[in-house]
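As stored in my_file-v9.pdb (PDB, C-alpha atoms (C1' of nucleotides)):
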```pdb
MODEL        1
ATOM      1  CA  MET A 288      75.827 127.201 114.331
ATOM      2  CA  PHE A 289      77.345 123.811 115.148
ATOM      3  CA  SER A 290      80.884 122.956 116.064
ATOM      4  CA  ILE A 291      82.544 120.098 114.195
ATOM      5  CA  GLY A 292      81.979 117.795 117.183
ATOM      6  CA  THR A 293      78.259 118.548 117.255
ATOM      7  CA  LEU A 294      78.062 117.972 113.513
ATOM      8  CA  SER A 295      79.859 114.696 114.050
ATOM      9  CA  ARG A 296      77.318 113.607 116.681
ATOM     10  CA  HIS A 297      74.392 114.658 114.488
ATOM     11  CA  THR A 298      75.551 112.693 111.466
ATOM     12  CA  GLY A 299      77.599 109.830 112.856
ATOM     13  CA  VAL A 300      80.601 110.917 110.799
ATOM     14  CA  LYS A 301      83.840 111.140 112.759
ATOM     15  CA  VAL A 302      85.508 114.495 113.216
ATOM     16  CA  PRO A 303      88.701 113.716 111.264
ATOM     17  CA  THR A 304      86.571 112.299 108.467
ATOM     18  CA  ILE A 305      84.619 115.553 108.236
ATOM     19  CA  ARG A 306      87.860 117.492 107.889
ATOM     20  CA  TYR A 307      88.994 114.950 105.317
ATOM     21  CA  TYR A 308      85.825 115.424 103.261
ATOM     22  CA  GLU A 309      86.363 119.168 103.348
ATOM     23  CA  GLN A 310      89.951 118.739 102.167
ATOM     24  CA  MET A 311      88.768 116.493  99.335
ATOM     25  CA  GLY A 312      86.218 119.052  98.230
ATOM     26  CA  LEU A 313      83.079 117.129  99.220
ATOM     27  CA  LEU A 314      82.205 119.697 101.856
ATOM     28  CA  PRO A 315      82.610 123.453 101.328
ATOM     29  CA  GLU A 316      84.877 125.331 103.700
ATOM     30  CA  PRO A 317      82.630 126.482 106.533
ATOM     31  CA  GLU A 318      82.729 129.728 108.406
ATOM     32  CA  ARG A 319      85.097 129.995 111.340
ATOM     33  CA  SER A 320      84.732 131.230 114.900
ATOM     34  CA  ALA A 321      86.901 134.086 116.179
ATOM     35  CA  GLY A 322      89.289 131.394 117.369
ATOM     36  CA  ASN A 323      89.464 129.717 113.931
ATOM     37  CA  GLN A 324      87.179 126.787 114.719
ATOM     38  CA  ARG A 325      84.745 125.497 112.089
ATOM     39  CA  ARG A 326      81.107 126.573 112.451
ATOM     40  CA  TYR A 327      78.418 124.772 110.485
ATOM     41  CA  THR A 328      74.850 125.646 109.528
ATOM     42  CA  GLN A 329      71.917 123.296 108.925
ATOM     43  CA  LYS A 330      72.955 123.242 105.280
ATOM     44  CA  GLY A 331      76.248 121.690 106.340
ATOM     45  CA  VAL A 332      74.414 119.038 108.343
ATOM     46  CA  ASP A 333      72.230 118.181 105.347
ATOM     47  CA  ARG A 334      75.123 117.961 102.971
ATOM     48  CA  LEU A 335      77.149 115.745 105.269
ATOM     49  CA  GLY A 336      74.077 113.559 105.731
ATOM     50  CA  PHE A 337      73.845 113.209 101.968
ATOM     51  CA  ILE A 338      77.509 112.220 101.766
ATOM     52  CA  LYS A 339      77.228 109.736 104.604
ATOM     53  CA  HIS A 340      74.190 108.129 103.100
ATOM     54  CA  ALA A 341      75.933 107.763  99.751
ATOM     55  CA  ARG A 342      79.085 106.378 101.377
ATOM     56  CA  ASP A 343      76.993 103.889 103.334
ATOM     57  CA  LEU A 344      75.589 102.728 100.022
ATOM     58  CA  GLY A 345      79.137 102.248  98.764
ATOM     59  CA  PHE A 346      79.381 105.147  96.307
ATOM     60  CA  ALA A 347      82.952 106.259  95.643
ATOM     61  CA  MET A 348      83.901 109.799  96.526
ATOM     62  CA  ALA A 349      84.212 110.793  92.866
ATOM     63  CA  ALA A 350      80.660 109.565  92.270
ATOM     64  CA  ILE A 351      79.458 111.474  95.315
ATOM     65  CA  LYS A 352      81.061 114.632  93.968
ATOM     66  CA  SER A 353      79.043 114.247  90.780
ATOM     67  CA  LEU A 354      75.863 113.557  92.725
ATOM     68  CA  ILE A 355      76.381 116.633  94.889
ATOM     69  CA  ASP A 356      76.972 118.703  91.785
ATOM     70  CA  LEU A 357      73.647 117.528  90.368
ATOM     71  CA  HIS A 358      71.947 118.158  93.664
ATOM     72  CA  GLU A 359      73.223 121.728  93.659
ATOM     73  CA  HIS A 360      72.067 122.308  90.086
ATOM     74  CA  PRO A 361      68.422 121.224  89.979
ATOM     75  CA  ASP A 362      68.082 122.418  86.373
ATOM     76  CA  LYS A 363      70.487 119.786  85.060
ATOM     77  CA  SER A 364      69.221 116.523  83.637
ATOM     78  CA  CYS A 365      68.955 113.737  86.185
ATOM     79  CA  GLY A 366      70.141 111.098  83.709
ATOM     80  CA  ALA A 367      73.647 111.284  85.108
ATOM     81  CA  ALA A 368      72.386 110.572  88.625
ATOM     82  CA  THR A 369      70.492 107.474  87.588
ATOM     83  CA  ASP A 370      73.514 106.354  85.557
ATOM     84  CA  ILE A 371      75.727 106.644  88.621
ATOM     85  CA  ALA A 372      73.228 104.771  90.775
ATOM     86  CA  GLN A 373      72.840 102.061  88.155
ATOM     87  CA  ALA A 374      76.631 101.706  87.839
ATOM     88  CA  GLN A 375      76.887 101.347  91.597
ATOM     89  CA  LEU A 376      74.147  98.734  91.568
ATOM     90  CA  ASP A 377      75.993  96.771  88.861
ATOM     91  CA  ASN A 378      79.143  97.143  90.899
ATOM     92  CA  VAL A 379      77.472  95.722  93.996
ATOM     93  CA  ARG A 380      75.935  92.847  92.041
ATOM     94  CA  GLN A 381      79.296  91.896  90.596
ATOM     95  CA  LYS A 382      80.844  91.930  94.035
ATOM     96  CA  ILE A 383      78.065  89.748  95.386
ATOM     97  CA  ALA A 384      78.477  87.254  92.558
ATOM     98  CA  ARG A 385      82.216  87.024  93.138
ATOM     99  CA  LEU A 386      81.834  86.677  96.898
ATOM    100  CA  GLN A 387      79.264  83.938  96.450
ATOM    101  CA  ARG A 388      81.709  81.959  94.354
ATOM    102  CA  LEU A 389      84.303  82.451  97.085
ATOM    103  CA  GLU A 390      81.782  81.419  99.705
ATOM    104  CA  HIS A 391      81.101  78.118  97.983
ATOM    105  CA  GLU A 392      84.750  77.367  97.503
ATOM    106  CA  LEU A 393      85.732  78.373 101.047
ATOM    107  CA  ASP A 394      82.889  76.380 102.498
ATOM    108  CA  ARG A 395      83.973  73.329 100.565
ATOM    109  CA  ILE A 396      87.572  73.787 101.666
ATOM    110  CA  ALA A 397      86.703  74.433 105.311
ATOM    111  CA  GLN A 398      84.357  71.431 105.398
ATOM    112  CA  GLY A 399      87.152  69.219 104.097
ATOM    113  CA  CYS A 400      89.129  69.393 107.313
ATOM    114  CA  ASP A 401      88.059  68.960 110.901
ATOM    115  CA  GLY A 402      91.103  70.750 112.316
ATOM    116  CA  ALA A 403      92.028  67.802 114.503
ATOM    117  CA  GLY A 404      95.052  66.441 112.656
ATOM    118  CA  PHE A 405      98.447  67.721 111.601
ATOM    119  CA  ALA A 406      99.146  70.381 109.036
ATOM    120  CA  ALA A 407     100.656  67.739 106.777
ATOM    121  CA  ASP A 408      97.219  66.258 106.133
ATOM    122  CA  CYS A 409      95.199  69.469 106.317
ATOM    123  CA  TYR A 410      92.778  69.760 103.442
ATOM    124  CA  VAL A 411      92.728  73.561 103.781
ATOM    125  CA  LEU A 412      96.449  73.698 103.058
ATOM    126  CA  THR A 413      96.291  71.044 100.365
ATOM    127  CA  ALA A 414      93.485  72.833  98.590
ATOM    128  CA  LEU A 415      95.392  76.105  98.628
ATOM    129  CA  SER A 416      98.460  74.387  97.221
ATOM    130  CA  ASP A 417      96.605  72.866  94.328
ATOM    131  CA  HIS A 418      94.172  74.944  92.383
ATOM    132  CA  ASN A 419      93.013  71.837  90.507
ATOM    133  CA  LEU A 420      91.137  70.822  93.627
ATOM    134  CA  CYS A 421      88.819  73.776  93.160
ATOM    135  CA  LYS A 422      85.383  73.247  91.726
ATOM    136  CA  THR A 423      84.769  76.796  90.583
ATOM    137  CA  THR A 424      86.817  79.609  89.106
ATOM    138  CA  HIS A 425      87.738  82.582  91.238
TER
ATOM    139  CA  MET B 266     115.680  78.528  87.221
ATOM    140  CA  PHE B 267     113.051  81.076  86.272
ATOM    141  CA  SER B 268     113.348  84.817  85.882
ATOM    142  CA  ILE B 269     110.787  86.978  87.648
ATOM    143  CA  GLY B 270     108.986  87.549  84.344
ATOM    144  CA  THR B 271     108.683  83.822  83.688
ATOM    145  CA  LEU B 272     107.428  83.302  87.226
ATOM    146  CA  SER B 273     104.910  86.045  86.604
ATOM    147  CA  ARG B 274     103.655  84.348  83.445
ATOM    148  CA  HIS B 275     103.477  80.967  85.167
ATOM    149  CA  THR B 276     101.404  82.222  88.079
ATOM    150  CA  GLY B 277      99.503  85.205  86.738
ATOM    151  CA  VAL B 278     100.982  87.428  89.439
ATOM    152  CA  LYS B 279     102.424  90.708  88.163
ATOM    153  CA  VAL B 280     106.140  91.344  88.463
ATOM    154  CA  PRO B 281     105.935  94.311  90.857
ATOM    155  CA  THR B 282     103.516  92.327  92.998
ATOM    156  CA  ILE B 283     106.014  89.479  93.272
ATOM    157  CA  ARG B 284     108.673  91.898  94.463
ATOM    158  CA  TYR B 285     106.140  93.374  96.877
ATOM    159  CA  TYR B 286     105.347  89.941  98.326
ATOM    160  CA  GLU B 287     109.054  89.366  98.827
ATOM    161  CA  GLN B 288     109.404  92.694 100.607
ATOM    162  CA  MET B 289     106.448  91.847 102.843
ATOM    163  CA  GLY B 290     107.979  88.514 103.780
ATOM    164  CA  LEU B 291     105.478  86.286 101.986
ATOM    165  CA  LEU B 292     108.130  85.058  99.585
ATOM    166  CA  PRO B 293     111.694  84.232 100.647
ATOM    167  CA  GLU B 294     114.507  86.155  98.991
ATOM    168  CA  PRO B 295     115.465  84.087  95.961
ATOM    169  CA  GLU B 296     118.938  83.470  94.579
ATOM    170  CA  ARG B 297     120.349  86.022  92.207
ATOM    171  CA  SER B 298     122.073  85.820  88.849
ATOM    172  CA  ALA B 299     125.594  87.215  88.411
ATOM    173  CA  GLY B 300     123.926  90.445  87.335
ATOM    174  CA  ASN B 301     121.728  90.609  90.455
ATOM    175  CA  GLN B 302     118.478  89.430  88.892
ATOM    176  CA  ARG B 303     116.126  87.143  90.803
ATOM    177  CA  ARG B 304     116.227  83.443  89.930
ATOM    178  CA  TYR B 305     113.424  81.175  91.130
ATOM    179  CA  THR B 306     113.106  77.419  91.489
ATOM    180  CA  GLN B 307     109.984  75.252  91.224
ATOM    181  CA  LYS B 308     109.567  75.749  94.954
ATOM    182  CA  GLY B 309     109.192  79.462  94.349
ATOM    183  CA  VAL B 310     106.546  78.803  91.713
ATOM    184  CA  ASP B 311     104.598  76.568  94.102
ATOM    185  CA  ARG B 312     104.768  79.040  96.927
ATOM    186  CA  LEU B 313     103.628  81.938  94.802
ATOM    187  CA  GLY B 314     100.818  79.757  93.479
ATOM    188  CA  PHE B 315      99.736  79.097  97.049
ATOM    189  CA  ILE B 316      99.773  82.818  97.805
ATOM    190  CA  LYS B 317      97.877  83.698  94.652
ATOM    191  CA  HIS B 318      95.244  81.111  95.347
ATOM    192  CA  ALA B 319      94.782  82.372  98.890
ATOM    193  CA  ARG B 320      94.627  86.001  97.728
ATOM    194  CA  ASP B 321      92.046  85.066  95.094
ATOM    195  CA  LEU B 322      89.965  83.596  97.893
ATOM    196  CA  GLY B 323      90.276  86.897  99.735
ATOM    197  CA  PHE B 324      92.622  85.907 102.549
ATOM    198  CA  ALA B 325      94.529  88.851 104.014
ATOM    199  CA  MET B 326      98.295  88.819 103.810
ATOM    200  CA  ALA B 327      98.654  88.265 107.551
ATOM    201  CA  ALA B 328      96.426  85.189 107.300
ATOM    202  CA  ILE B 329      98.449  83.924 104.358
ATOM    203  CA  LYS B 330     101.613  84.307 106.381
ATOM    204  CA  SER B 331     100.141  82.051 109.052
ATOM    205  CA  LEU B 332      98.963  79.546 106.452
ATOM    206  CA  ILE B 333     102.404  79.421 104.858
ATOM    207  CA  ASP B 334     103.959  78.894 108.262
ATOM    208  CA  LEU B 335     101.673  75.914 108.859
ATOM    209  CA  HIS B 336     102.392  74.609 105.402
ATOM    210  CA  GLU B 337     106.118  74.740 106.106
ATOM    211  CA  HIS B 338     105.692  72.976 109.450
ATOM    212  CA  PRO B 339     103.635  69.842 108.718
ATOM    213  CA  ASP B 340     104.026  68.646 112.316
ATOM    214  CA  LYS B 341     101.969  71.511 113.708
ATOM    215  CA  SER B 342      98.279  71.075 114.410
ATOM    216  CA  CYS B 343      96.048  72.049 111.526
ATOM    217  CA  GLY B 344      93.432  73.584 113.811
ATOM    218  CA  ALA B 345      94.832  77.042 113.155
ATOM    219  CA  ALA B 346      94.447  76.575 109.401
ATOM    220  CA  THR B 347      90.800  75.569 109.639
ATOM    221  CA  ASP B 348      90.208  78.467 112.022
ATOM    222  CA  ILE B 349      91.647  80.908 109.512
ATOM    223  CA  ALA B 350      89.592  79.416 106.699
ATOM    224  CA  GLN B 351      86.440  79.513 108.809
ATOM    225  CA  ALA B 352      87.095  83.136 109.787
ATOM    226  CA  GLN B 353      87.515  84.027 106.142
ATOM    227  CA  LEU B 354      84.286  82.236 105.308
ATOM    228  CA  ASP B 355      82.456  84.185 108.017
ATOM    229  CA  ASN B 356      84.040  87.332 106.695
ATOM    230  CA  VAL B 357      82.821  86.631 103.168
ATOM    231  CA  ARG B 358      79.326  85.799 104.385
ATOM    232  CA  GLN B 359      79.110  89.075 106.303
ATOM    233  CA  LYS B 360      80.206  90.996 103.239
ATOM    234  CA  ILE B 361      77.615  89.228 101.109
ATOM    235  CA  ALA B 362      74.864  90.005 103.604
ATOM    236  CA  ARG B 363      75.799  93.678 103.699
ATOM    237  CA  LEU B 364      76.064  93.941  99.923
ATOM    238  CA  GLN B 365      72.677  92.301  99.501
ATOM    239  CA  ARG B 366      71.106  94.929 101.730
ATOM    240  CA  LEU B 367      72.801  97.596  99.610
ATOM    241  CA  GLU B 368      71.633  95.869  96.452
ATOM    242  CA  HIS B 369      67.998  96.007  97.546
ATOM    243  CA  GLU B 370      68.214  99.615  98.551
ATOM    244  CA  LEU B 371      70.096 100.704  95.435
ATOM    245  CA  ASP B 372      67.696  98.827  93.219
ATOM    246  CA  ARG B 373      64.764 100.518  94.878
ATOM    247  CA  ILE B 374      66.393 103.913  94.502
ATOM    248  CA  ALA B 375      67.449 103.377  90.897
ATOM    249  CA  GLN B 376      63.981 102.098  89.960
ATOM    250  CA  GLY B 377      62.432 105.228  91.420
ATOM    251  CA  CYS B 378      63.754 107.475  88.673
ATOM    252  CA  ASP B 379      63.731 107.051  84.900
ATOM    253  CA  GLY B 380      66.531 109.574  84.345
ATOM    254  CA  ALA B 381      64.433 111.628  81.963
ATOM    255  CA  GLY B 382      63.623 114.658  84.095
ATOM    256  CA  PHE B 383      65.564 117.338  85.921
ATOM    257  CA  ALA B 384      67.794 116.865  88.929
ATOM    258  CA  ALA B 385      65.270 118.790  91.020
ATOM    259  CA  ASP B 386      62.815 115.899  90.820
ATOM    260  CA  CYS B 387      65.299 113.040  90.723
ATOM    261  CA  TYR B 388      64.374 110.292  93.137
ATOM    262  CA  VAL B 389      68.002 109.152  93.350
ATOM    263  CA  LEU B 390      69.018 112.523  94.741
ATOM    264  CA  THR B 391      65.958 112.833  96.952
ATOM    265  CA  ALA B 392      66.534 109.401  98.441
ATOM    266  CA  LEU B 393      70.148 110.223  99.222
ATOM    267  CA  SER B 394      69.086 113.449 100.895
ATOM    268  CA  ASP B 395      66.588 111.793 103.143
ATOM    269  CA  HIS B 396      67.511 108.612 104.907
ATOM    270  CA  ASN B 397      63.913 108.208 106.066
ATOM    271  CA  LEU B 398      63.015 107.136 102.562
ATOM    272  CA  CYS B 399      65.095 103.997 103.027
ATOM    273  CA  LYS B 400      63.375 100.713 103.726
ATOM    274  CA  THR B 401      66.351  98.937 105.242
ATOM    275  CA  THR B 402      69.294  99.842 107.430
ATOM    276  CA  HIS B 403      72.757 100.088 105.956
TER
ATOM    277  C1'  DC C 272     128.400  93.134  69.035
ATOM    278  C1'  DT C 273     124.406  95.471  68.984
ATOM    279  C1'  DT C 274     119.772  96.111  70.004
ATOM    280  C1'  DG C 275     115.704  95.831  72.576
ATOM    281  C1'  DA C 276     113.317  93.653  76.065
ATOM    282  C1'  DA C 277     113.517  92.492  80.675
ATOM    283  C1'  DC C 278     115.245  93.521  85.013
ATOM    284  C1'  DC C 279     117.052  96.381  89.066
ATOM    285  C1'  DT C 280     116.040  99.892  93.102
ATOM    286  C1'  DC C 281     113.693 103.672  94.778
ATOM    287  C1'  DT C 282     110.009 106.846  95.461
ATOM    288  C1'  DA C 283     105.385 108.174  95.306
ATOM    289  C1'  DG C 284     100.526 107.530  94.299
ATOM    290  C1'  DT C 285      95.930 105.020  94.863
ATOM    291  C1'  DC C 286      91.306 104.984  98.270
ATOM    292  C1'  DG C 287      89.064 106.272 102.365
ATOM    293  C1'  DC C 288      90.022 107.002 106.131
ATOM    294  C1'  DT C 289      92.569 106.776 111.134
ATOM    295  C1'  DA C 290      96.069 107.989 114.675
ATOM    296  C1'  DG C 291      99.091 110.914 116.912
ATOM    297  C1'  DA C 292     101.797 115.203 118.179
ATOM    298  C1'  DG C 293     101.849 119.622 119.910
ATOM    299  C1'  DA C 294      99.472 123.883 120.235
ATOM    300  C1'  DC C 295      95.328 126.815 120.775
ATOM    301  C1'  DA C 296      90.029 127.694 121.875
ATOM    302  C1'  DT C 297      85.976 127.053 124.285
ATOM    303  C1'  DT C 298      83.019 125.854 128.034
ATOM    304  C1'  DA C 299      81.516 124.498 132.660
ATOM    305  C1'  DC C 300      81.836 125.102 137.101
ATOM    306  C1'  DA C 301      83.663 127.138 141.596
TER
ATOM    307  C1'  DT D  84      87.066 135.748 137.200
ATOM    308  C1'  DG D  85      90.077 131.692 137.412
ATOM    309  C1'  DT D  86      91.000 127.250 136.220
ATOM    310  C1'  DA D  87      90.489 122.704 134.573
ATOM    311  C1'  DA D  88      88.639 119.747 131.266
ATOM    312  C1'  DT D  89      87.335 119.082 126.921
ATOM    313  C1'  DG D  90      87.264 120.338 122.197
ATOM    314  C1'  DT D  91      89.532 121.897 118.183
ATOM    315  C1'  DC D  92      93.419 123.341 115.175
ATOM    316  C1'  DT D  93      97.170 121.892 111.567
ATOM    317  C1'  DC D  94     100.396 118.712 110.107
ATOM    318  C1'  DT D  95     102.398 114.341 109.251
ATOM    319  C1'  DA D  96     102.346 109.502 108.814
ATOM    320  C1'  DG D  97     100.203 104.976 108.596
ATOM    321  C1'  DC D  98      96.875 101.239 106.970
ATOM    322  C1'  DG D  99      96.319  97.197 102.986
ATOM    323  C1'  DA D 100      97.519  95.596  98.691
ATOM    324  C1'  DC D 101      99.118  96.982  95.309
ATOM    325  C1'  DT D 102     100.425 100.167  90.879
ATOM    326  C1'  DA D 103     103.167 103.567  88.210
ATOM    327  C1'  DG D 104     107.154 105.787  86.891
ATOM    328  C1'  DA D 105     112.112 107.329  86.768
ATOM    329  C1'  DG D 106     116.590 106.272  85.761
ATOM    330  C1'  DG D 107     119.839 102.843  85.354
ATOM    331  C1'  DT D 108     121.702  97.797  84.438
ATOM    332  C1'  DT D 109     121.575  93.034  82.481
ATOM    333  C1'  DC D 110     120.204  89.579  79.564
ATOM    334  C1'  DA D 111     119.256  86.969  75.214
ATOM    335  C1'  DA D 112     118.562  86.822  70.255
ATOM    336  C1'  DG D 113     120.244  87.727  65.822
TER
ENDMDL
END
```

Whole structure, structure tokens version:
Amino acid sequence: MFSIGTLSRHTGVKVPTIRYYEQMGLLPEPERSAGNQRRYTQKGVDRLGFIKHARDLGFAMAAIKSLIDLHEHPDKSCGAATDIAQAQLDNVRQKIARLQRLEHELDRIAQGCDGAGFAADCYVLTALSDHNLCKTTH
Amino acid sequence: MFSIGTLSRHTGVKVPTIRYYEQMGLLPEPERSAGNQRRYTQKGVDRLGFIKHARDLGFAMAAIKSLIDLHEHPDKSCGAATDIAQAQLDNVRQKIARLQRLEHELDRIAQGCDGAGFAADCYVLTALSDHNLCKTTH
DNA sequence: CTTGAACCTCTAGTCGCTAGAGACATTACA
DNA sequence: TGTAATGTCTCTAGCGACTAGAGGTTCAAG
């Protein structure tokens, strides 16, 4: 049996976050010590590891709930799991595409000014004032 | 003089968001009609346009505050503005790099399962359970 | 002058945590 | 066994950048 602090060290998830996951229903309520402290089994470690891994990959908590549900019911079809993963992949690709547009525009704007002059002539500020100066949509 | 709704239509910023920006000190308190409704001038339109443009480029509100301050004080050095823009560019590049790592990993995971079988054999779920199956760090 | 859209303020909710207060439990060491 | 340090408990509130809704007032068109 692990205390919450030990679990935290094992998984790299902070103690308040573990309690938060429990409150949100991602983790089941664990057993308690005589003094009302949480006591976890290896199962708890595994489950939290699963959650952390999914969070690291950017899955939302609602998606993780669904994934856990599938994981706990091995007889269900795995189509839903691949759908969730594919949706997350699409999500990430969209974010990348948007950020790359921003990168180009920011780079252009930042290049336009050497930072040596006065704000009156700053291309950064001018560019922000006038959207027409932008080359791409964002 | 524009109403808040007209301002919203002109800039593409939603009405409650405009009021929120005012509350947060990004927009000055505008004049009011006899009946206490907000009335904006062209200056207000320009300023909100500036804010919207900066938000679209991902600048945080605190950064926008600084940028507005520089914009209002043309005699200040523009070094701060280029610094903020450069920091935002770095920020965006870091996010892109992280998301690209996630993209690779998610793609690999999603490819590993056709979604046709049962959850018990689903590679998506297996991969999430076992971090050792990952090729990259995230 | 009436109607309906737009506007007002205020509170609370979103997501995924994080921080802090004040009290209780456990553990390590003397 | 005593005590001190560390860990844990619950609860509340805060973050950023909005968004939603309630309940009431004002404006503009016909």

For A:Leu294: contacts at 12 Å, only C-alpha atoms (C1' of nucleotides), fewer than 6 positions along chain excluded, given as a compact mmCIF listing (two decimals) with C-alpha atoms, keeping the file's coordinate frame:
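Wrote it out as selection-v6.txt, contents follow:
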```txt
# COMPACT_ATOMS: atom_id res chain seq x y z
CA MET A 288 75.83 127.20 114.33
CA VAL A 300 80.60 110.92 110.80
CA LYS A 301 83.84 111.14 112.76
CA VAL A 302 85.51 114.50 113.22
CA PRO A 303 88.70 113.72 111.26
CA THR A 304 86.57 112.30 108.47
CA ILE A 305 84.62 115.55 108.24
CA ARG A 306 87.86 117.49 107.89
CA PRO A 317 82.63 126.48 106.53
CA ARG A 325 84.74 125.50 112.09
CA ARG A 326 81.11 126.57 112.45
CA TYR A 327 78.42 124.77 110.48
CA THR A 328 74.85 125.65 109.53
CA GLN A 329 71.92 123.30 108.92
CA LYS A 330 72.96 123.24 105.28
CA GLY A 331 76.25 121.69 106.34
CA VAL A 332 74.41 119.04 108.34
CA ASP A 333 72.23 118.18 105.35
CA ARG A 334 75.12 117.96 102.97
CA LEU A 335 77.15 115.74 105.27
CA GLY A 336 74.08 113.56 105.73
```

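In this comparison, which uses all atoms listed in the file, the residue of B:Gly382, B:Pro339, B:Gly270, B:Gly277 approaching chain C most closely is B:Gly270.
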
Restrict the calculation to all atoms listed in the file, then for each residue of chain D with any atom at most 12 Å from an atom of chain A give the closest atom pair and their distance in Å to one decimal, rows by chain and rising residue number, as a Markdown table.
```
| residue | atom | partner | partner_atom | distance |
| --- | --- | --- | --- | --- |
| D:DT89 | C1' | A:Gly292 | CA | 11.2 |
| D:DG90 | C1' | A:Gly292 | CA | 7.7 |
| D:DT91 | C1' | A:Gln324 | CA | 6.4 |
| D:DC92 | C1' | A:Gln324 | CA | 7.1 |
| D:DT93 | C1' | A:Arg306 | CA | 10.9 |
```

| Radius query 12 Å about (104.6, 122.6, 120.6), atoms used: only C-alpha atoms (C1' of nucleotides), as an MDAnalysis selection string | (chainID C and resid 292:295) or (chainID D and resid 93:94)

| query | Neighbours of A:His418 within 10 Å (only C-alpha atoms (C1' of nucleotides); same-chain residues fewer than 3 positions away dropped), as a ChimeraX atom specification? | reply | /A:413-415,421-424 /B:314-315,317-319

Just add N, CA, C and O atoms to stretch 370-383 of chain A and send it as a PDB file, keeping the file's coordinate frame.
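Below is the file out25.pdb, written as the result:
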```pdb
ATOM      1  N   ASP A 370      72.385 107.134  86.089  1.00  0.00           N
ATOM      2  CA  ASP A 370      73.514 106.354  85.557  1.00  0.00           C
ATOM      3  C   ASP A 370      74.473 105.966  86.669  1.00  0.00           C
ATOM      4  O   ASP A 370      74.935 104.822  86.742  1.00  0.00           O
ATOM      5  N   ILE A 371      74.791 106.916  87.525  1.00  0.00           N
ATOM      6  CA  ILE A 371      75.727 106.644  88.621  1.00  0.00           C
ATOM      7  C   ILE A 371      75.146 105.593  89.561  1.00  0.00           C
ATOM      8  O   ILE A 371      75.822 104.660  89.975  1.00  0.00           O
ATOM      9  N   ALA A 372      73.868 105.735  89.874  1.00  0.00           N
ATOM     10  CA  ALA A 372      73.228 104.771  90.775  1.00  0.00           C
ATOM     11  C   ALA A 372      73.187 103.382  90.146  1.00  0.00           C
ATOM     12  O   ALA A 372      73.454 102.372  90.812  1.00  0.00           O
ATOM     13  N   GLN A 373      72.897 103.350  88.843  1.00  0.00           N
ATOM     14  CA  GLN A 373      72.840 102.061  88.155  1.00  0.00           C
ATOM     15  C   GLN A 373      74.225 101.403  88.110  1.00  0.00           C
ATOM     16  O   GLN A 373      74.367 100.192  88.326  1.00  0.00           O
ATOM     17  N   ALA A 374      75.257 102.226  87.873  1.00  0.00           N
ATOM     18  CA  ALA A 374      76.631 101.706  87.839  1.00  0.00           C
ATOM     19  C   ALA A 374      76.996 101.127  89.198  1.00  0.00           C
ATOM     20  O   ALA A 374      77.628 100.065  89.298  1.00  0.00           O
ATOM     21  N   GLN A 375      76.586 101.823  90.249  1.00  0.00           N
ATOM     22  CA  GLN A 375      76.887 101.347  91.597  1.00  0.00           C
ATOM     23  C   GLN A 375      76.145 100.042  91.880  1.00  0.00           C
ATOM     24  O   GLN A 375      76.699  99.118  92.484  1.00  0.00           O
ATOM     25  N   LEU A 376      74.919  99.965  91.392  1.00  0.00           N
ATOM     26  CA  LEU A 376      74.147  98.734  91.568  1.00  0.00           C
ATOM     27  C   LEU A 376      74.828  97.562  90.841  1.00  0.00           C
ATOM     28  O   LEU A 376      74.980  96.468  91.402  1.00  0.00           O
ATOM     29  N   ASP A 377      75.282  97.811  89.623  1.00  0.00           N
ATOM     30  CA  ASP A 377      75.993  96.771  88.861  1.00  0.00           C
ATOM     31  C   ASP A 377      77.241  96.323  89.613  1.00  0.00           C
ATOM     32  O   ASP A 377      77.538  95.126  89.728  1.00  0.00           O
ATOM     33  N   ASN A 378      77.945  97.330  90.088  1.00  0.00           N
ATOM     34  CA  ASN A 378      79.143  97.143  90.899  1.00  0.00           C
ATOM     35  C   ASN A 378      78.870  96.196  92.073  1.00  0.00           C
ATOM     36  O   ASN A 378      79.577  95.206  92.280  1.00  0.00           O
ATOM     37  N   VAL A 379      77.825  96.510  92.813  1.00  0.00           N
ATOM     38  CA  VAL A 379      77.472  95.722  93.996  1.00  0.00           C
ATOM     39  C   VAL A 379      77.085  94.297  93.573  1.00  0.00           C
ATOM     40  O   VAL A 379      77.500  93.328  94.212  1.00  0.00           O
ATOM     41  N   ARG A 380      76.346  94.186  92.491  1.00  0.00           N
ATOM     42  CA  ARG A 380      75.935  92.847  92.041  1.00  0.00           C
ATOM     43  C   ARG A 380      77.128  92.007  91.619  1.00  0.00           C
ATOM     44  O   ARG A 380      77.171  90.810  91.901  1.00  0.00           O
ATOM     45  N   GLN A 381      78.084  92.636  90.973  1.00  0.00           N
ATOM     46  CA  GLN A 381      79.296  91.896  90.596  1.00  0.00           C
ATOM     47  C   GLN A 381      80.046  91.416  91.827  1.00  0.00           C
ATOM     48  O   GLN A 381      80.534  90.288  91.882  1.00  0.00           O
ATOM     49  N   LYS A 382      80.147  92.304  92.796  1.00  0.00           N
ATOM     50  CA  LYS A 382      80.844  91.930  94.035  1.00  0.00           C
ATOM     51  C   LYS A 382      80.144  90.760  94.715  1.00  0.00           C
ATOM     52  O   LYS A 382      80.785  89.829  95.202  1.00  0.00           O
ATOM     53  N   ILE A 383      78.829  90.828  94.760  1.00  0.00           N
ATOM     54  CA  ILE A 383      78.065  89.748  95.386  1.00  0.00           C
ATOM     55  C   ILE A 383      78.326  88.431  94.661  1.00  0.00           C
ATOM     56  O   ILE A 383      78.609  87.402  95.285  1.00  0.00           O
TER      57      ILE A 383
END
```
